[in-house]
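What follows is the content of protein.cif (mmCIF, C-alpha atoms).
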data_structure
#
loop_
_atom_site.group_PDB
_atom_site.id
_atom_site.type_symbol
_atom_site.label_atom_id
_atom_site.label_comp_id
_atom_site.auth_asym_id
_atom_site.auth_seq_id
_atom_site.Cartn_x
_atom_site.Cartn_y
_atom_site.Cartn_z
ATOM 1 C CA MET H 1 -51.560 2.860 -61.772
ATOM 2 C CA SER H 2 -51.876 -0.911 -62.105
ATOM 3 C CA ALA H 3 -52.296 -2.624 -65.442
ATOM 4 C CA SER H 4 -55.960 -3.316 -64.668
ATOM 5 C CA ARG H 5 -56.334 0.361 -63.820
ATOM 6 C CA LEU H 6 -55.643 1.182 -67.477
ATOM 7 C CA LEU H 7 -58.726 -0.687 -68.613
ATOM 8 C CA GLN H 8 -60.740 0.589 -65.658
ATOM 9 C CA ARG H 9 -59.955 4.191 -66.550
ATOM 10 C CA LEU H 10 -60.892 3.582 -70.158
ATOM 11 C CA ASP H 11 -64.156 1.997 -68.997
ATOM 12 C CA GLN H 12 -64.812 5.177 -67.028
ATOM 13 C CA GLY H 13 -64.543 7.227 -70.208
ATOM 14 C CA GLU H 14 -61.094 8.734 -69.739
ATOM 15 C CA ILE H 15 -58.883 9.620 -72.691
ATOM 16 C CA LEU H 16 -55.313 8.542 -71.976
ATOM 17 C CA ILE H 17 -52.297 10.241 -73.528
ATOM 18 C CA LEU H 18 -49.445 8.144 -74.876
ATOM 19 C CA ASP H 19 -45.968 9.514 -75.365
ATOM 20 C CA GLY H 20 -44.587 10.406 -78.787
ATOM 21 C CA ALA H 21 -41.692 8.948 -80.753
ATOM 22 C CA ILE H 22 -38.736 7.385 -78.957
ATOM 23 C CA GLY H 23 -36.479 6.264 -81.811
ATOM 24 C CA THR H 24 -36.736 9.408 -83.903
ATOM 25 C CA GLU H 25 -36.466 11.599 -80.820
ATOM 26 C CA LEU H 26 -33.213 9.845 -79.923
ATOM 27 C CA GLN H 27 -31.967 10.600 -83.433
ATOM 28 C CA ARG H 28 -33.179 14.202 -83.278
ATOM 29 C CA ARG H 29 -31.169 14.741 -80.090
ATOM 30 C CA GLY H 30 -27.985 13.255 -81.490
ATOM 31 C CA ALA H 31 -28.000 9.498 -80.890
ATOM 32 C CA PRO H 32 -26.793 7.629 -84.004
ATOM 33 C CA MET H 33 -29.155 5.134 -85.615
ATOM 34 C CA ASP H 34 -27.822 1.676 -86.450
ATOM 35 C CA SER H 35 -27.922 0.460 -90.062
ATOM 36 C CA VAL H 36 -29.425 -2.880 -88.967
ATOM 37 C CA ALA H 37 -31.160 -2.455 -85.592
ATOM 38 C CA TRP H 38 -32.185 1.213 -85.969
ATOM 39 C CA CYS H 39 -32.664 2.806 -82.510
ATOM 40 C CA ALA H 40 -31.962 -0.324 -80.457
ATOM 41 C CA LEU H 41 -28.341 0.453 -79.637
ATOM 42 C CA ALA H 42 -29.076 3.902 -78.237
ATOM 43 C CA THR H 43 -30.220 2.184 -75.040
ATOM 44 C CA ARG H 44 -26.639 1.191 -74.272
ATOM 45 C CA SER H 45 -24.837 4.116 -75.934
ATOM 46 C CA HIS H 46 -27.068 6.984 -74.693
ATOM 47 C CA PRO H 47 -28.927 5.783 -71.563
ATOM 48 C CA ASP H 48 -29.067 9.219 -69.930
ATOM 49 C CA LEU H 49 -30.523 10.724 -73.085
ATOM 50 C CA LEU H 50 -33.157 7.991 -73.287
ATOM 51 C CA ARG H 51 -34.140 8.514 -69.644
ATOM 52 C CA ARG H 52 -34.386 12.263 -70.280
ATOM 53 C CA ILE H 53 -36.689 11.703 -73.248
ATOM 54 C CA HIS H 54 -38.989 9.575 -71.103
ATOM 55 C CA LEU H 55 -39.043 12.323 -68.480
ATOM 56 C CA ASP H 56 -39.778 14.973 -71.084
ATOM 57 C CA TYR H 57 -42.812 13.027 -72.268
ATOM 58 C CA ILE H 58 -44.047 12.614 -68.707
ATOM 59 C CA GLU H 59 -43.600 16.322 -68.101
ATOM 60 C CA ALA H 60 -45.461 17.012 -71.350
ATOM 61 C CA GLY H 61 -48.476 15.188 -69.928
ATOM 62 C CA ALA H 62 -48.202 11.564 -71.068
ATOM 63 C CA ASP H 63 -50.069 8.953 -69.038
ATOM 64 C CA ILE H 64 -48.187 6.110 -70.734
ATOM 65 C CA ILE H 65 -44.539 5.980 -71.837
ATOM 66 C CA THR H 66 -43.066 3.411 -74.218
ATOM 67 C CA THR H 67 -39.809 1.491 -73.852
ATOM 68 C CA ASN H 68 -37.082 1.724 -76.489
ATOM 69 C CA THR H 69 -37.609 -1.903 -77.488
ATOM 70 C CA PHE H 70 -39.242 -1.489 -80.909
ATOM 71 C CA SER H 71 -36.246 -3.117 -82.608
ATOM 72 C CA THR H 72 -34.681 -5.173 -79.807
ATOM 73 C CA ALA H 73 -36.131 -8.639 -80.414
ATOM 74 C CA ARG H 74 -33.314 -11.192 -80.538
ATOM 75 C CA HIS H 75 -33.661 -11.936 -84.277
ATOM 76 C CA VAL H 76 -33.121 -8.232 -85.055
ATOM 77 C CA LEU H 77 -30.184 -7.850 -82.678
ATOM 78 C CA GLU H 78 -28.580 -11.052 -83.981
ATOM 79 C CA ALA H 79 -28.526 -9.558 -87.476
ATOM 80 C CA ALA H 80 -26.586 -6.654 -85.980
ATOM 81 C CA GLY H 81 -24.146 -9.045 -84.296
ATOM 82 C CA LEU H 82 -25.608 -8.397 -80.850
ATOM 83 C CA GLY H 83 -27.719 -11.454 -80.121
ATOM 84 C CA ASP H 84 -25.747 -12.111 -76.935
ATOM 85 C CA GLU H 85 -26.863 -8.716 -75.610
ATOM 86 C CA ALA H 86 -30.587 -9.180 -76.263
ATOM 87 C CA GLU H 87 -31.497 -9.747 -72.630
ATOM 88 C CA THR H 88 -29.376 -6.885 -71.315
ATOM 89 C CA ILE H 89 -30.597 -4.379 -73.903
ATOM 90 C CA ASN H 90 -34.275 -5.212 -73.335
ATOM 91 C CA ARG H 91 -33.979 -5.153 -69.558
ATOM 92 C CA THR H 92 -32.033 -1.894 -69.588
ATOM 93 C CA ALA H 93 -34.627 -0.209 -71.781
ATOM 94 C CA VAL H 94 -37.378 -1.043 -69.293
ATOM 95 C CA MET H 95 -35.197 -0.043 -66.341
ATOM 96 C CA LEU H 96 -34.576 3.410 -67.843
ATOM 97 C CA ALA H 97 -38.295 3.969 -68.405
ATOM 98 C CA ARG H 98 -39.102 2.899 -64.857
ATOM 99 C CA GLU H 99 -36.373 5.166 -63.482
ATOM 100 C CA ALA H 100 -37.965 8.086 -65.302
ATOM 101 C CA VAL H 101 -41.364 7.248 -63.799
ATOM 102 C CA GLU H 102 -39.857 7.040 -60.326
ATOM 103 C CA GLU H 103 -38.052 10.345 -60.765
ATOM 104 C CA SER H 104 -41.230 12.042 -61.979
ATOM 105 C CA GLY H 105 -43.231 10.964 -58.937
ATOM 106 C CA ARG H 106 -46.266 10.482 -61.178
ATOM 107 C CA ASP H 107 -48.490 7.435 -61.625
ATOM 108 C CA ILE H 108 -47.415 6.529 -65.156
ATOM 109 C CA LEU H 109 -47.827 3.284 -67.078
ATOM 110 C CA VAL H 110 -44.834 1.789 -68.859
ATOM 111 C CA ALA H 111 -45.689 0.092 -72.152
ATOM 112 C CA GLY H 112 -43.231 -2.493 -73.432
ATOM 113 C CA SER H 113 -42.870 -2.121 -77.197
ATOM 114 C CA MET H 114 -42.778 -5.145 -79.490
ATOM 115 C CA SER H 115 -42.966 -4.751 -83.253
ATOM 116 C CA SER H 116 -42.991 -6.341 -86.673
ATOM 117 C CA THR H 117 -39.771 -4.591 -87.646
ATOM 118 C CA ARG H 118 -37.089 -6.555 -89.459
ATOM 119 C CA PRO H 119 -33.311 -6.071 -89.600
ATOM 120 C CA LEU H 120 -32.862 -3.115 -91.943
ATOM 121 C CA ASN H 121 -30.340 -5.018 -94.053
ATOM 122 C CA GLU H 122 -32.861 -7.723 -94.953
ATOM 123 C CA PRO H 123 -35.634 -7.752 -97.598
ATOM 124 C CA PRO H 124 -38.748 -5.710 -96.732
ATOM 125 C CA THR H 125 -40.884 -8.644 -95.622
ATOM 126 C CA ARG H 126 -42.156 -9.286 -92.113
ATOM 127 C CA PRO H 127 -40.309 -12.066 -90.280
ATOM 128 C CA ILE H 128 -42.080 -15.338 -89.487
ATOM 129 C CA GLY H 129 -41.105 -18.873 -88.462
ATOM 130 C CA GLU H 130 -40.419 -20.668 -85.192
ATOM 131 C CA GLU H 131 -37.129 -18.886 -84.538
ATOM 132 C CA VAL H 132 -38.902 -15.544 -84.846
ATOM 133 C CA ALA H 133 -41.802 -16.747 -82.688
ATOM 134 C CA ALA H 134 -39.318 -17.798 -79.983
ATOM 135 C CA SER H 135 -37.656 -14.392 -80.259
ATOM 136 C CA TYR H 136 -40.971 -12.632 -79.626
ATOM 137 C CA ARG H 137 -41.812 -14.929 -76.714
ATOM 138 C CA GLU H 138 -38.434 -14.206 -75.147
ATOM 139 C CA GLN H 139 -38.809 -10.459 -75.577
ATOM 140 C CA ALA H 140 -42.306 -10.422 -74.099
ATOM 141 C CA THR H 141 -41.104 -12.418 -71.097
ATOM 142 C CA LEU H 142 -38.152 -10.080 -70.533
ATOM 143 C CA LEU H 143 -40.390 -7.013 -70.714
ATOM 144 C CA LYS H 144 -42.792 -8.473 -68.172
ATOM 145 C CA GLU H 145 -40.037 -9.645 -65.819
ATOM 146 C CA GLU H 146 -38.433 -6.206 -65.848
ATOM 147 C CA GLY H 147 -41.717 -4.556 -64.891
ATOM 148 C CA VAL H 148 -43.691 -3.170 -67.831
ATOM 149 C CA ASP H 149 -47.379 -2.632 -67.126
ATOM 150 C CA VAL H 150 -48.689 -3.377 -70.602
ATOM 151 C CA ILE H 151 -47.378 -4.602 -73.948
ATOM 152 C CA VAL H 152 -47.861 -2.540 -77.101
ATOM 153 C CA ALA H 153 -47.598 -4.517 -80.343
ATOM 154 C CA GLU H 154 -46.507 -1.936 -82.901
ATOM 155 C CA MET H 155 -46.649 -1.768 -86.697
ATOM 156 C CA MET H 156 -48.755 -4.858 -87.243
ATOM 157 C CA VAL H 157 -49.172 -5.120 -91.016
ATOM 158 C CA ASP H 158 -50.086 -8.724 -91.795
ATOM 159 C CA ILE H 159 -51.653 -11.706 -90.085
ATOM 160 C CA PRO H 160 -48.717 -14.195 -90.137
ATOM 161 C CA ASN H 161 -46.313 -11.865 -88.312
ATOM 162 C CA ALA H 162 -48.934 -10.229 -86.087
ATOM 163 C CA SER H 163 -50.059 -13.672 -84.908
ATOM 164 C CA LEU H 164 -46.541 -14.402 -83.645
ATOM 165 C CA VAL H 165 -46.089 -11.040 -81.939
ATOM 166 C CA LEU H 166 -49.467 -11.238 -80.243
ATOM 167 C CA GLU H 167 -48.975 -14.849 -79.179
ATOM 168 C CA GLY H 168 -45.844 -13.816 -77.314
ATOM 169 C CA ALA H 169 -47.411 -10.677 -75.867
ATOM 170 C CA GLN H 170 -50.631 -12.341 -74.730
ATOM 171 C CA ALA H 171 -48.743 -15.183 -73.041
ATOM 172 C CA THR H 172 -47.509 -12.668 -70.442
ATOM 173 C CA GLY H 173 -51.027 -12.109 -69.136
ATOM 174 C CA LEU H 174 -50.505 -8.339 -69.373
ATOM 175 C CA PRO H 175 -52.955 -6.070 -71.211
ATOM 176 C CA VAL H 176 -51.995 -5.819 -74.884
ATOM 177 C CA LEU H 177 -52.400 -2.744 -77.082
ATOM 178 C CA VAL H 178 -52.391 -3.689 -80.778
ATOM 179 C CA GLY H 179 -51.213 -1.081 -83.276
ATOM 180 C CA TRP H 180 -52.018 -1.692 -86.954
ATOM 181 C CA SER H 181 -50.452 0.363 -89.756
ATOM 182 C CA ALA H 182 -52.145 1.620 -92.924
ATOM 183 C CA SER H 183 -51.555 3.660 -96.043
ATOM 184 C CA LEU H 184 -53.920 5.606 -98.311
ATOM 185 C CA ASP H 185 -54.600 4.890 -101.978
ATOM 186 C CA ASP H 186 -55.052 7.605 -104.567
ATOM 187 C CA ASP H 187 -58.751 7.826 -103.706
ATOM 188 C CA GLY H 188 -58.071 8.489 -100.014
ATOM 189 C CA ARG H 189 -59.121 5.028 -98.859
ATOM 190 C CA ALA H 190 -57.261 3.052 -96.208
ATOM 191 C CA VAL H 191 -55.264 0.161 -97.620
ATOM 192 C CA PRO H 192 -52.748 -2.264 -96.080
ATOM 193 C CA TYR H 193 -49.497 -0.550 -95.099
ATOM 194 C CA HIS H 194 -47.407 0.521 -98.105
ATOM 195 C CA SER H 195 -49.461 -1.682 -100.465
ATOM 196 C CA VAL H 196 -49.637 1.256 -102.866
ATOM 197 C CA ARG H 197 -45.892 0.750 -103.469
ATOM 198 C CA GLN H 198 -45.964 -3.028 -103.814
ATOM 199 C CA VAL H 199 -45.919 -4.876 -107.122
ATOM 200 C CA GLU H 200 -47.971 -7.769 -105.770
ATOM 201 C CA PRO H 201 -51.417 -6.896 -104.383
ATOM 202 C CA PRO H 202 -51.939 -7.466 -100.642
ATOM 203 C CA GLN H 203 -53.658 -10.665 -99.576
ATOM 204 C CA HIS H 204 -56.531 -8.731 -98.018
ATOM 205 C CA SER H 205 -58.221 -5.384 -98.275
ATOM 206 C CA PHE H 206 -57.685 -3.212 -95.220
ATOM 207 C CA ALA H 207 -61.218 -4.071 -94.082
ATOM 208 C CA GLY H 208 -60.409 -7.760 -94.501
ATOM 209 C CA LEU H 209 -57.145 -7.327 -92.623
ATOM 210 C CA MET H 210 -58.942 -5.576 -89.757
ATOM 211 C CA GLU H 211 -61.604 -8.281 -89.618
ATOM 212 C CA ARG H 212 -58.966 -10.995 -89.327
ATOM 213 C CA GLY H 213 -56.807 -8.871 -87.066
ATOM 214 C CA ALA H 214 -59.645 -8.277 -84.621
ATOM 215 C CA SER H 215 -59.952 -12.040 -84.171
ATOM 216 C CA LEU H 216 -56.373 -12.164 -82.842
ATOM 217 C CA GLY H 217 -57.504 -10.402 -79.675
ATOM 218 C CA GLY H 218 -55.898 -7.785 -77.501
ATOM 219 C CA ASP H 219 -57.351 -5.258 -75.072
ATOM 220 C CA VAL H 220 -56.981 -2.051 -77.107
ATOM 221 C CA ALA H 221 -56.600 -1.822 -80.895
ATOM 222 C CA GLY H 222 -55.663 1.116 -83.034
ATOM 223 C CA ILE H 223 -53.791 2.673 -85.897
ATOM 224 C CA MET H 224 -50.166 3.754 -85.507
ATOM 225 C CA HIS H 225 -47.005 4.231 -87.579
ATOM 226 C CA SER H 226 -49.270 5.570 -90.331
ATOM 227 C CA ARG H 227 -49.240 9.047 -91.812
ATOM 228 C CA VAL H 228 -51.457 11.634 -90.162
ATOM 229 C CA GLU H 229 -53.843 11.761 -93.114
ATOM 230 C CA ALA H 230 -54.173 7.951 -93.212
ATOM 231 C CA THR H 231 -54.911 7.486 -89.533
ATOM 232 C CA GLY H 232 -58.504 8.739 -89.398
ATOM 233 C CA PRO H 233 -59.750 6.697 -92.386
ATOM 234 C CA ALA H 234 -57.986 3.612 -91.029
ATOM 235 C CA VAL H 235 -59.485 4.077 -87.546
ATOM 236 C CA ASP H 236 -62.894 4.340 -89.183
ATOM 237 C CA VAL H 237 -62.393 0.959 -90.898
ATOM 238 C CA LEU H 238 -60.982 -0.659 -87.754
ATOM 239 C CA SER H 239 -63.931 0.511 -85.676
ATOM 240 C CA GLN H 240 -66.272 -1.483 -87.913
ATOM 241 C CA HIS H 241 -64.556 -4.717 -86.845
ATOM 242 C CA TRP H 242 -63.270 -3.985 -83.323
ATOM 243 C CA GLU H 243 -65.603 -3.424 -80.368
ATOM 244 C CA GLY H 244 -63.019 -2.611 -77.708
ATOM 245 C CA PRO H 245 -61.151 0.622 -76.884
ATOM 246 C CA LEU H 246 -59.535 2.412 -79.819
ATOM 247 C CA MET H 247 -56.037 3.895 -80.062
ATOM 248 C CA ALA H 248 -54.301 6.237 -82.526
ATOM 249 C CA TYR H 249 -50.796 7.650 -82.874
ATOM 250 C CA ALA H 250 -49.515 8.817 -86.241
ATOM 251 C CA GLU H 251 -46.118 9.468 -87.792
ATOM 252 C CA THR H 252 -44.973 12.682 -89.455
ATOM 253 C CA GLY H 253 -42.017 12.895 -91.817
ATOM 254 C CA TRP H 254 -40.550 9.820 -93.508
ATOM 255 C CA PHE H 255 -37.900 7.134 -93.171
ATOM 256 C CA GLU H 256 -34.692 6.972 -95.193
ATOM 257 C CA PRO H 257 -32.999 4.054 -93.408
ATOM 258 C CA PRO H 258 -31.524 4.237 -90.907
ATOM 259 C CA ASN H 259 -32.561 7.851 -90.299
ATOM 260 C CA TRP H 260 -35.833 9.708 -90.023
ATOM 261 C CA VAL H 261 -36.419 12.792 -92.164
ATOM 262 C CA PHE H 262 -38.256 15.522 -90.250
ATOM 263 C CA ALA H 263 -38.933 17.790 -93.253
ATOM 264 C CA ASP H 264 -42.555 18.885 -93.754
ATOM 265 C CA ALA H 265 -43.494 17.494 -90.354
ATOM 266 C CA THR H 266 -46.953 18.235 -88.979
ATOM 267 C CA SER H 267 -46.732 20.955 -86.325
ATOM 268 C CA PRO H 268 -47.834 20.195 -82.758
ATOM 269 C CA ALA H 269 -50.863 22.475 -83.084
ATOM 270 C CA ALA H 270 -51.949 20.952 -86.389
ATOM 271 C CA TYR H 271 -51.421 17.446 -85.031
ATOM 272 C CA ALA H 272 -53.605 18.179 -82.007
ATOM 273 C CA GLY H 273 -56.295 19.557 -84.298
ATOM 274 C CA VAL H 274 -56.411 16.323 -86.290
ATOM 275 C CA ALA H 275 -56.276 14.284 -83.087
ATOM 276 C CA ARG H 276 -59.524 15.877 -81.919
ATOM 277 C CA LYS H 277 -61.167 14.290 -84.954
ATOM 278 C CA TRP H 278 -59.774 10.893 -83.953
ATOM 279 C CA VAL H 279 -61.375 11.318 -80.550
ATOM 280 C CA ASP H 280 -64.656 12.051 -82.325
ATOM 281 C CA LEU H 281 -64.232 8.635 -83.997
ATOM 282 C CA GLY H 282 -64.042 7.019 -80.558
ATOM 283 C CA VAL H 283 -60.286 6.955 -79.922
ATOM 284 C CA THR H 284 -59.471 6.935 -76.203
ATOM 285 C CA VAL H 285 -55.718 6.155 -76.206
ATOM 286 C CA ILE H 286 -53.871 8.775 -78.226
ATOM 287 C CA GLY H 287 -50.274 9.848 -78.750
ATOM 288 C CA GLY H 288 -47.608 10.212 -81.417
ATOM 289 C CA CYS H 289 -45.325 7.979 -83.475
ATOM 290 C CA CYS H 290 -42.181 8.625 -85.530
ATOM 291 C CA GLY H 291 -41.374 12.287 -86.003
ATOM 292 C CA THR H 292 -43.494 13.520 -83.095
ATOM 293 C CA THR H 293 -41.890 15.162 -80.055
ATOM 294 C CA PRO H 294 -42.697 16.154 -76.464
ATOM 295 C CA ASP H 295 -44.100 19.385 -77.921
ATOM 296 C CA HIS H 296 -46.700 17.340 -79.810
ATOM 297 C CA ILE H 297 -47.697 15.542 -76.623
ATOM 298 C CA ALA H 298 -47.884 18.773 -74.638
ATOM 299 C CA GLU H 299 -50.167 20.201 -77.328
ATOM 300 C CA LEU H 300 -52.311 17.064 -77.208
ATOM 301 C CA ARG H 301 -52.603 17.330 -73.432
ATOM 302 C CA SER H 302 -53.577 20.980 -73.718
ATOM 303 C CA ALA H 303 -56.090 20.345 -76.497
ATOM 304 C CA LEU H 304 -57.748 17.322 -74.930
ATOM 305 C CA GLY H 305 -57.394 18.239 -71.270
ATOM 306 C CA ASP H 306 -59.882 16.272 -69.213
ATOM 307 C CA ARG H 307 -62.157 15.604 -72.166
ATOM 308 C CA LYS H 308 -64.189 12.456 -71.781
ATOM 309 C CA ALA H 309 -64.820 9.875 -74.460
ATOM 310 C CA SER H 310 -68.077 10.035 -76.377
ATOM 311 C CA ALA H 311 -70.774 7.830 -74.959
#
Encoded form (structure tokens):
Amino acid sequence: MSASRLLQRLDQGEILILDGAIGTELQRRGAPMDSVAWCALATRSHPDLLRRIHLDYIEAGADIITTNTFSTARHVLEAAGLGDEAETINRTAVMLAREAVEESGRDILVAGSMSSTRPLNEPPTRPIGEEVAASYREQATLLKEEGVDVIVAEMMVDIPNASLVLEGAQATGLPVLVGWSASLDDDGRAVPYHSVRQVEPPQHSFAGLMERGASLGGDVAGIMHSRVEATGPAVDVLSQHWEGPLMAYAETGWFEPPNWVFADATSPAAYAGVARKWVDLGVTVIGGCCGTTPDHIAELRSALGDRKASA
């Protein structure tokens, strides 16, 4: 499946299945999470496990698998004392995903993950500045050189950081999937990610953020790294400002750095039931984020089957 084939299949009305979580699945199967770079180091410490996870998602029915590069931009790895290994870690993560595709014998897309994540030992603000921009450009180039088919920009939460991530991703010429994150307020309305816990109000409403975010471009836009109950309302807002293909993949559980807590997680069957409603909203690229497993993706595949997108 070529990169252009992704967009062609979406144009033909197909619903494509993404994989589920990589980082939390590594943790769930025993790989330790780093206190600064989260799941990044599992690529070098547990490569066979990472390859197996990719294979499990393919076998569960995923059309697209995601590289373990969510937290491997150079500025994150440097904070963990591993800046000199940035190229090797990023290239190895793509190599392991491609090896899984080759072993499966299936026509699977590999999505190179880039994200807004910061070093976990730094304040909870999204990184910006020329050094960070150069870090994103480097990561995007490495992902393309090593053979990803598309770039997925994950956990976009504000315009300054998202602009830098997307600049680097779009410079590759590859299709770019843009994943925005949202929270819910007490009235069940979508608001900027975690703004309900912030002392200072966000600069924009979620509708305003989506309007500005849509102007940054991309080929597919959606809601990800948001709780299951927040995803539908956020997709509804996004769809009012974005005319292209829509994407959704939610998280279940919560983060207590550096580990994910799986308690009270949404079951695969319940997740698939909610996902059907996202498809009714027009979502055509659908998968799972933190806390989801190959069982969630298998349930999605079973529930959605060969269903076509709404006209």
**Request:** Would you kindly translate the PyMOL selection byres ((chain H and resi 122-126) around 12) into the concrete residues it picks from this file, as a PyMOL selection string?
**Result:** chain H and resi 35-37+75-76+79-80+115-121+127-129+132+155-165+193-194+197-198+257
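With distances taken over all atoms listed in the file, H:Thr141 is the one residue among H:Ser183, H:Ser302, H:Thr284, H:Thr141 lying closest to Ala171 in chain H.
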**Message:** Set the distance at 9 Å and use all atoms listed in the file: which residues neighbour Leu246 in chain H once local chain neighbours fewer than 2 positions away are removed? I'd like the list as a VMD selection string.
**Reply:** chain H and resid 220 to 223 235 238 to 239 242 to 244 248 281 to 286
Go ahead and dump the residues you just picked, C-alpha atoms, as an mmCIF file, in the frame of the given file.
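In the end it all went to out.cif:
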data_model
loop_
_atom_site.group_PDB
_atom_site.id
_atom_site.type_symbol
_atom_site.label_atom_id
_atom_site.label_comp_id
_atom_site.auth_asym_id
_atom_site.auth_seq_id
_atom_site.Cartn_x
_atom_site.Cartn_y
_atom_site.Cartn_z
ATOM 1 C CA VAL H 220 -56.981 -2.051 -77.107
ATOM 2 C CA ALA H 221 -56.600 -1.822 -80.895
ATOM 3 C CA GLY H 222 -55.663 1.116 -83.034
ATOM 4 C CA ILE H 223 -53.791 2.673 -85.897
ATOM 5 C CA VAL H 235 -59.485 4.077 -87.546
ATOM 6 C CA LEU H 238 -60.982 -0.659 -87.754
ATOM 7 C CA SER H 239 -63.931 0.511 -85.676
ATOM 8 C CA TRP H 242 -63.270 -3.985 -83.323
ATOM 9 C CA GLU H 243 -65.603 -3.424 -80.368
ATOM 10 C CA GLY H 244 -63.019 -2.611 -77.708
ATOM 11 C CA ALA H 248 -54.301 6.237 -82.526
ATOM 12 C CA LEU H 281 -64.232 8.635 -83.997
ATOM 13 C CA GLY H 282 -64.042 7.019 -80.558
ATOM 14 C CA VAL H 283 -60.286 6.955 -79.922
ATOM 15 C CA THR H 284 -59.471 6.935 -76.203
ATOM 16 C CA VAL H 285 -55.718 6.155 -76.206
ATOM 17 C CA ILE H 286 -53.871 8.775 -78.226
#
Find the residues of range 134-169 of chain H that sit at most 10 Å from range 55-66 of chain H; for each, write down the nearest two atoms and how far apart they are in Å, to one decimal. Count all atoms listed in the file. Sort by chain, then by number going up, and give it as a tab-separated table.
residue	atom	partner	partner_atom	distance
H:Val148	CA	H:Thr66	CA	9.2
H:Asp149	CA	H:Ile64	CA	9.5
H:Val150	CA	H:Ile64	CA	9.5
H:Ile151	CA	H:Thr66	CA	9.1
H:Val152	CA	H:Thr66	CA	8.2
**Between CA of Phe206 in chain H and CA of Ala182 in chain H, distance in Å (one decimal)** =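 Between CA of Phe206 in chain H and CA of Ala182 in chain H the gap is 7.7 Å.
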**Request:** Evaluate the PyMOL selection byres ((chain H and resi 224) around 9) here and jot the selected residues down as a PyMOL selection string.
**Result:** chain H and resi 154-156+179-182+222-223+225-227+231+247-251+288-289
**Message:** Translate the PyMOL selection byres ((chain H and resi 272-274) around 8) into a concrete residue list for this structure, as an MDAnalysis selection string.
**Reply:** chainID H and resid 228 268:271 275:278 296 299:300 303
Once you add 8 Å to each side, what are the centre and edge lengths of the axis-aligned box holding all listed atoms of range 156-172 of chain H? One decimal in Å, as lines of an AutoDock Vina configuration file, if you can.
center_x = -48.7
center_y = -10.0
center_z = -81.1
size_x = 21.8
size_y = 26.3
size_z = 37.4
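A straight line drawn from CA of Gln27 in chain H to CA of Ala42 in chain H is 9.0 Å long.
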**Message:** Residues within 7 Å of (-35.5, 1.5, -82.5), file coordinates, counting only C-alpha atoms: what are they? Give the list as JSON, numbers by chain.
**Reply:** {"H": [23, 37, 38, 39, 40, 68, 69, 70, 71]}
**Message:** Here's a test: counting only C-alpha atoms, identify every protein, DNA and RNA residue with an atom at most 8 Å from (-37.7, 7.4, -76.4) in the file's coordinate frame, and state them as a ChimeraX atom specification.
**Reply:** /H:20-26,50-51,53-54,66-68
**Complete:** With distances taken over all atoms listed in the file, the candidate from H:Trp254, H:Ala100, H:Asp219, H:Thr266 nearest Leu10 in chain H is H:Asp219
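For the pair CA of Gln170 in chain H and CA of Ser215 in chain H, the interatomic distance is 13.3 Å.
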**Message:** Between H:Gly208, H:Gly232, H:Gly168, H:Gly81, which residue has the minimum interatomic distance to Glu130 in chain H, considering all atoms listed in the file?
**Reply:**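 Once distances to Glu130 in chain H are computed over all atoms listed in the file, the minimum belongs to H:Gly168.
The closest residue to Val261 in chain H, picked from H:Gly30, H:Gly218, H:Gly291, H:Pro233 and counting all atoms listed in the file, is H:Gly291.
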**Message:** Nearest residue to Gly147 in chain H out of H:Gly105, H:Gly112, H:Pro192, H:Gly213, using all atoms listed in the file?
**Reply:** H:Gly112
Using the structure just given, write a file holding N, CA and C atoms for range 173-182 of chain H, as a PDB file, in the first residue's frame.
ATOM      1  N   GLY H 173       7.028  15.720   2.719  1.00  0.00           N
ATOM      2  CA  GLY H 173       6.223  15.410   1.548  1.00  0.00           C
ATOM      3  C   GLY H 173       5.322  14.204   1.728  1.00  0.00           C
ATOM      4  N   LEU H 174       5.391  13.548   2.885  1.00  0.00           N
ATOM      5  CA  LEU H 174       4.529  12.400   3.167  1.00  0.00           C
ATOM      6  C   LEU H 174       3.149  12.882   3.620  1.00  0.00           C
ATOM      7  N   PRO H 175       2.114  12.053   3.459  1.00  0.00           N
ATOM      8  CA  PRO H 175       0.822  12.399   4.049  1.00  0.00           C
ATOM      9  C   PRO H 175       0.964  12.555   5.562  1.00  0.00           C
ATOM     10  N   VAL H 176       0.235  13.509   6.122  1.00  0.00           N
ATOM     11  CA  VAL H 176       0.316  13.796   7.552  1.00  0.00           C
ATOM     12  C   VAL H 176      -1.068  13.658   8.186  1.00  0.00           C
ATOM     13  N   LEU H 177      -1.130  12.819   9.228  1.00  0.00           N
ATOM     14  CA  LEU H 177      -2.332  12.664  10.035  1.00  0.00           C
ATOM     15  C   LEU H 177      -2.138  13.506  11.288  1.00  0.00           C
ATOM     16  N   VAL H 178      -3.090  14.391  11.586  1.00  0.00           N
ATOM     17  CA  VAL H 178      -2.948  15.330  12.693  1.00  0.00           C
ATOM     18  C   VAL H 178      -3.914  14.953  13.804  1.00  0.00           C
ATOM     19  N   GLY H 179      -3.367  14.607  14.967  1.00  0.00           N
ATOM     20  CA  GLY H 179      -4.192  14.193  16.097  1.00  0.00           C
ATOM     21  C   GLY H 179      -4.242  15.244  17.184  1.00  0.00           C
ATOM     22  N   TRP H 180      -5.413  15.868  17.363  1.00  0.00           N
ATOM     23  CA  TRP H 180      -5.621  16.860  18.418  1.00  0.00           C
ATOM     24  C   TRP H 180      -6.171  16.175  19.668  1.00  0.00           C
ATOM     25  N   SER H 181      -5.884  16.750  20.837  1.00  0.00           N
ATOM     26  CA  SER H 181      -6.356  16.184  22.097  1.00  0.00           C
ATOM     27  C   SER H 181      -7.303  17.162  22.780  1.00  0.00           C
ATOM     28  N   ALA H 182      -8.300  16.601  23.483  1.00  0.00           N
ATOM     29  CA  ALA H 182      -9.333  17.416  24.123  1.00  0.00           C
ATOM     30  C   ALA H 182      -9.702  16.844  25.474  1.00  0.00           C
TER      31      ALA H 182
END
